[in-house]
Structures are given as structure tokens and as C-alpha cells.
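Trainee: Below you will find the structure I want to go over with you.
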Amino acid sequence: MSSIERPRLSVSRRREFVLAGLEIFVFLLTSGLLAYLSEIHSWGSFGVILFVALILVVLLTILRVGPVAAYLRNLERREFELGQRFSSLGGAKFYNMQIAEEQNDRNEETQRVIRGATVMYLLANSAASYVDPGIWRHWPSVRDRLNHGATLNILLLDPLSEDKRVRDQLNTAGEAPDSKFKFPVFIELYNTFQNVHIRFVRENVYCSLFFSQDAMFYDPYHLGRFHDRIERMFCLKFLSMETGTGTISYYAVLKRHFDALWLMSTDFEDYFDQNSQIISTLIPSSLTIRRRHRIRDLEEG
């Protein structure tokens with residue numbers, strides 16, 4: 001669909017001046033004629049002139065506001081069509097993350113989705129907003145659902161990968177790794193909740209995803225810096241839904257993205273075994289993982 005063209009200012013301004021001038025001329029001419037006709041008590045002619053003047057004013061007004069009205073109608077129609085296309089594949093809400101009010105709306109809606117979740121999925125760089133008690137943004141809601149038996153599947157960009165190093169270098173001006181990523185937080189989470197599953201993937205994490213069985217929040221990842229850090233641009237909310245033949249919902253596509261990354265990822269315990277020397281320097285010596293694999297192996301043996 002072609003884009004809606006705004007009325008050209010130079011032409012529309014000249015048109016407004018001409019029409020405004022005609023309105024003034026009609027007003028002055030009508031006022032003079034009506035004054036004269038009232039003096040000579042020619043009320044029949046007075047009524048005719050008044051009627052004609054009203055028609056001219058209405059016509060001039062229509063001519064003056066017509067292009068603006070047409071533009072607004074086209075804009076409204078285009079917004080409706082875009083909304084229909086967006087919602088037909090599960091699009092529910094757009095959040096501009098550069099506006100504080102919309103960030104708050106997004107956080108409130110995320111917590112509402114969490115409260116109704118029976119299963120939760122999270123793809124992220126640090127996951128701090130969801131699982132770090134020190135940040136406390138979504139953690140109370142997530143913890144409550146975990147205590148009520150909901151499952152949480154966390155897929156993290158490997159903090160030791162090249163992809164993560166590049167993001168950290170841009171985001172911190174090369175000064176330090178991501179301060180929001182904390183190994184102890186994930187160890188405590190893994191040790192406390194058997195219904196939490198954590199894996200690490202080294203590449204192809206193009207976005208942050210949080211979703212339940214009903215709805216998803218999608219934040220695209222990029223490397224564009226603003227004020228010496230990578231800023232979030234926008235977030236989209238998608239609904240889980242069935243679509244017509246030959247189409248697939250946004251939710252379903254990104255769920256498949258998560259599933260593909262999950263299959264190529266490394267399990268939490270295996271990851272720690274493979275990187276134990278590095279990780280041991282980043283956590284307290286007293287903090288260890290409560291092994292599930294070993295217990296499972298013993299039970300199966």
C-alpha cells in the first residue's frame with residue numbers, strides 16, 4: 001500500500017489564504033448589503049442575501065477544510081488496516097521503551113501475564129529483571145508462580161561467548177562485563193526450585209523473549225549505542241492464537257526460535273563442569289550446585 005501523502009504546505013497555505021480572503025470578502029459584502037437592505041426595509045431581499053451568504057460560507061469552509069479532512073480519513077483508514085494486519089497474526093500491543101510511561105505499562109502487563117502462567121519461558125542476556133531479587137522487578141511474581149508449581153525454562157546467552165563479549169564491550173565501553181549477569185543468582189535459583197530449568201547458548205540470540213502459554217513479550221536485540229550504551233527500542237506483545245491456513249502467528253514463529261536454540265544449548269550442570277575454572281573465580285567458594293543429573297543417574301542405576 002502506498003504511503004499517505006501529507007498536503008504540501010506551500011500549496012495548502014496559499015489555498016487557505018485565498019479561501020480565508022474570500023470568506024472575509026463575503027462577510028464584508030454581506031454585512032454591507034444587509035445593513036443597506038434593513039435601512040430601506042427590503043426584508044425579502046434581506047432574506048435572500050442572508051441565505052446566499054450562508055451557503056457561500058458553508059461552501060468556502062468545506063473547500064478550506066476538505067484536504068485536511070481527507071488526510072485524516074486516509075490516516076484513520078491506514079491505522080485501521082495496519083491494526084487489522086497486526087492483530088490477525090497475534091499482535092496485541094506496541095510499547096515504545098524510550099518512554100517511561102510505556103515501560104511501566106509493559107512491566108505491569110508482564111506481571112499480569114506471569115500471574116496467570118502455568119509454564120514460563122525466558123530467552124535473555126542476563127534475565128536479571130525476572131530472577132534477580134536485588135532488582136525485584138518481576139521476581140516476586142515469578143517466585144509466586146514457581147511456588148505454585150509453574151515451570152520456568154531459562155535460556156541464556158553464554159556469558160563467556162564471543163557474542164556476549166561484543167555486547168558487553170559496546171554496552172560498558174569496554175570497561176567491564178555485564179554487571180547484571182550474576183552466576184550466584186542462577187545457582188540459588190537452580191538449587192531452590194526443581195521446576196526451573198536453565199541452559200546456555202553461544203550464538204543466534206537475536207532478541208529477548210518472555211512468554212507463557214498465553215502471551216509473549218518480544219524485545220529485539222541490536223548493537224546500536226546511544227549515550228554510551230545499547231538502548232532498548234521497543235517491545236511487542238503477541239498472543240498465542242490459531243491462524244488461517246498458510247499463515248503462522250508471531251507467537252508461534254518466535255516459540256520455534258526459542259525451541260531451536262534450546263536444542264542447540266548446553267545444560268546448566270554441564271555448562272558449569274565445562275567452565276568450572278572460570279566460574280569458580282566469579283562465585284563464593286561455599287556456593288555449589290545441587291546436582292540433579294547425578295541423583296537421576298543414581299535412581300536410574
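The chains in the C-alpha cells are called A, B, ... from first to last as shown; in each chain the residues are counted from 1, and the ligands are counted from 1 in the order shown.
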Please report, as a tab-separated table, each residue of segment 117-182 of chain A lying at most 6 Å from segment 198-209 of chain A, together with the nearest pair of atoms and the separation in Å rounded to one decimal; use only C-alpha atoms, and order rows by chain and ascending residue number.
Mentor:
residue	atom	partner	partner_atom	distance
A:Leu122	CA	A:Leu209	CA	5.6
A:Leu123	CA	A:Leu209	CA	4.9
A:Ala124	CA	A:Ser208	CA	4.8
A:Ile154	CA	A:Ile198	CA	4.7
A:Leu155	CA	A:Arg199	CA	5.0
A:Leu156	CA	A:Phe200	CA	4.9
A:Leu157	CA	A:Val201	CA	5.2
A:Asp158	CA	A:Arg202	CA	5.0
A:Ser161	CA	A:Arg202	CA	5.5
Trainee: How would the residues just chosen look if you wrote them out with all heavy atoms as a short mmCIF file (atom, residue, chain, number, x, y, z; two decimals), in the first residue's frame?
Mentor:
data_model
loop_
_atom_site.label_atom_id
_atom_site.label_comp_id
_atom_site.auth_asym_id
_atom_site.auth_seq_id
_atom_site.Cartn_x
_atom_site.Cartn_y
_atom_site.Cartn_z
N LEU A 122 11.95 -18.04 29.06
CA LEU A 122 12.71 -16.79 29.08
C LEU A 122 13.99 -16.96 28.28
O LEU A 122 14.79 -17.86 28.55
CB LEU A 122 13.05 -16.40 30.52
CG LEU A 122 13.91 -15.14 30.71
CD1 LEU A 122 13.23 -13.92 30.12
CD2 LEU A 122 14.20 -14.92 32.20
N LEU A 123 14.16 -16.12 27.27
CA LEU A 123 15.40 -16.04 26.50
C LEU A 123 15.97 -14.66 26.73
O LEU A 123 15.30 -13.65 26.47
CB LEU A 123 15.09 -16.25 25.00
CG LEU A 123 16.23 -15.98 24.01
CD1 LEU A 123 17.38 -16.95 24.23
CD2 LEU A 123 15.71 -16.07 22.57
N ALA A 124 17.21 -14.57 27.23
CA ALA A 124 17.72 -13.26 27.62
C ALA A 124 19.23 -13.25 27.73
O ALA A 124 19.89 -14.31 27.73
CB ALA A 124 17.11 -12.84 28.96
N ILE A 154 14.67 -21.27 31.34
CA ILE A 154 15.51 -20.11 31.08
C ILE A 154 16.61 -20.48 30.10
O ILE A 154 17.35 -21.45 30.30
CB ILE A 154 16.16 -19.59 32.38
CG1 ILE A 154 15.09 -19.22 33.41
CG2 ILE A 154 17.05 -18.39 32.09
CD1 ILE A 154 15.66 -18.81 34.75
N LEU A 155 16.72 -19.70 29.04
CA LEU A 155 17.77 -19.88 28.04
C LEU A 155 18.60 -18.60 27.97
O LEU A 155 18.07 -17.54 27.64
CB LEU A 155 17.15 -20.19 26.68
CG LEU A 155 18.09 -20.53 25.52
CD1 LEU A 155 19.00 -21.69 25.88
CD2 LEU A 155 17.27 -20.88 24.27
N LEU A 156 19.86 -18.71 28.32
CA LEU A 156 20.73 -17.54 28.46
C LEU A 156 21.81 -17.52 27.39
O LEU A 156 22.35 -18.58 27.02
CB LEU A 156 21.40 -17.53 29.83
CG LEU A 156 20.47 -17.43 31.04
CD1 LEU A 156 21.22 -17.80 32.31
CD2 LEU A 156 19.89 -16.03 31.15
N LEU A 157 22.11 -16.31 26.91
CA LEU A 157 23.28 -16.16 26.07
C LEU A 157 24.51 -16.43 26.92
O LEU A 157 24.70 -15.83 27.99
CB LEU A 157 23.34 -14.74 25.49
CG LEU A 157 24.57 -14.42 24.63
CD1 LEU A 157 24.64 -15.34 23.42
CD2 LEU A 157 24.55 -12.96 24.18
N ASP A 158 25.34 -17.36 26.48
CA ASP A 158 26.53 -17.76 27.23
C ASP A 158 27.36 -16.52 27.59
O ASP A 158 27.83 -15.81 26.71
CB ASP A 158 27.35 -18.72 26.36
CG ASP A 158 28.59 -19.24 27.07
OD1 ASP A 158 28.94 -18.74 28.16
OD2 ASP A 158 29.22 -20.15 26.51
N SER A 161 30.72 -16.30 25.88
CA SER A 161 30.75 -16.41 24.42
C SER A 161 31.25 -15.12 23.78
O SER A 161 31.26 -14.05 24.40
CB SER A 161 29.36 -16.75 23.89
OG SER A 161 28.48 -15.65 24.11
#
Trainee: Can you work out the spacing between atom CA of Asp214 of chain A and atom CA of Gly90 of chain A in Å, to one decimal?
Mentor: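 These atoms are spaced 10.6 Å apart.
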Trainee: How far is it from atom CA of Leu89 of chain A to atom CA of Gly244 of chain A, in Å with one decimal?
Mentor: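 So the two atoms, atom CA of Leu89 of chain A and atom CA of Gly244 of chain A, lie 9.0 Å apart.
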Trainee: Which one is closest to Gln103 of chain A: A:Cys235, A:Met120, A:Arg167, A:Ser280? Count only C-alpha atoms.
Mentor: A:Cys235
Trainee: Within 10 Å of Leu22 of chain A, counting only C-alpha atoms, which residues qualify if same-chain residues fewer than 6 places away don't, as a PyMOL selection string?
Mentor: chain A and resi 16+28+56-57+60
Trainee: Interatomic distance between atom CA of Asn191 of chain A and atom CA of Val119 of chain A?
Mentor: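 So the two atoms, atom CA of Asn191 of chain A and atom CA of Val119 of chain A, lie 18.8 Å apart.
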Trainee: Which residue, A:Met216, A:Val142, A:Leu63, A:Ile278, has the smallest gap to Val253 of chain A when you use only C-alpha atoms?
Mentor: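 Among A:Met216, A:Val142, A:Leu63, A:Ile278, it is A:Met216 that comes nearest to Val253 of chain A.
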Trainee: Would you pick out the contacts of Pro133 of chain A at 12 Å or less, using only C-alpha atoms, so that residues sharing its chain but fewer than 4 positions from it are not included, and give the list as a ChimeraX atom specification?
Mentor: /A:127-129,137-143,180,182,184-186,188-189
Trainee: From the DSSP assignment of the backbone, select every residue of segment 104-185 of chain A that is alpha helix (DSSP H), and format the answer as a PyMOL selection string.
Mentor: chain A and resi 104-115+128-131+139-147+162-171+183-185
Trainee: Using only C-alpha atoms, find the one residue out of A:Leu72, A:Ile187, A:Leu170, A:Leu50 that sits nearest to His227 of chain A.
Mentor: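 Of the candidates, the smallest distance to His227 of chain A is held by A:Leu170.
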Trainee: So, with only C-alpha atoms as the atoms that count, which of A:Tyr251, A:Phe258, A:Phe25, A:Tyr221 lies closest to Asp163 of chain A?
Mentor: A:Tyr221
Trainee: Which residue gives the smallest distance to Lys255 of chain A among A:Val52, A:Val65, A:Leu239, A:Ile24, with only C-alpha atoms counted?
Mentor: A:Leu239
Trainee: Assign secondary structure with DSSP using the backbone only, and return the residues of segment 210-296 of chain A in strand (DSSP E or B) as a PyMOL selection string.
Mentor: chain A and resi 210-211+215-220+225-226+229-230+234-239+266-267
Trainee: Using only C-alpha atoms, which residues of segment 43-143 of chain A come within 10 Å of segment 30-35 of chain A, and what is the closest atom pair for each, with the distance in Å to one decimal? Give it as a Markdown table, sorted by chain and residue number.
Mentor:
| residue | atom | partner | partner_atom | distance |
| --- | --- | --- | --- | --- |
| A:Trp43 | CA | A:Leu34 | CA | 9.2 |
| A:Ser45 | CA | A:Leu34 | CA | 8.7 |
| A:Phe46 | CA | A:Leu34 | CA | 5.8 |
| A:Gly47 | CA | A:Leu34 | CA | 8.8 |
| A:Val48 | CA | A:Leu34 | CA | 9.9 |
| A:Ile49 | CA | A:Thr30 | CA | 7.1 |
| A:Leu50 | CA | A:Thr30 | CA | 7.3 |
| A:Val52 | CA | A:Thr30 | CA | 9.2 |
| A:Ala53 | CA | A:Thr30 | CA | 6.5 |
| A:Leu54 | CA | A:Thr30 | CA | 9.6 |
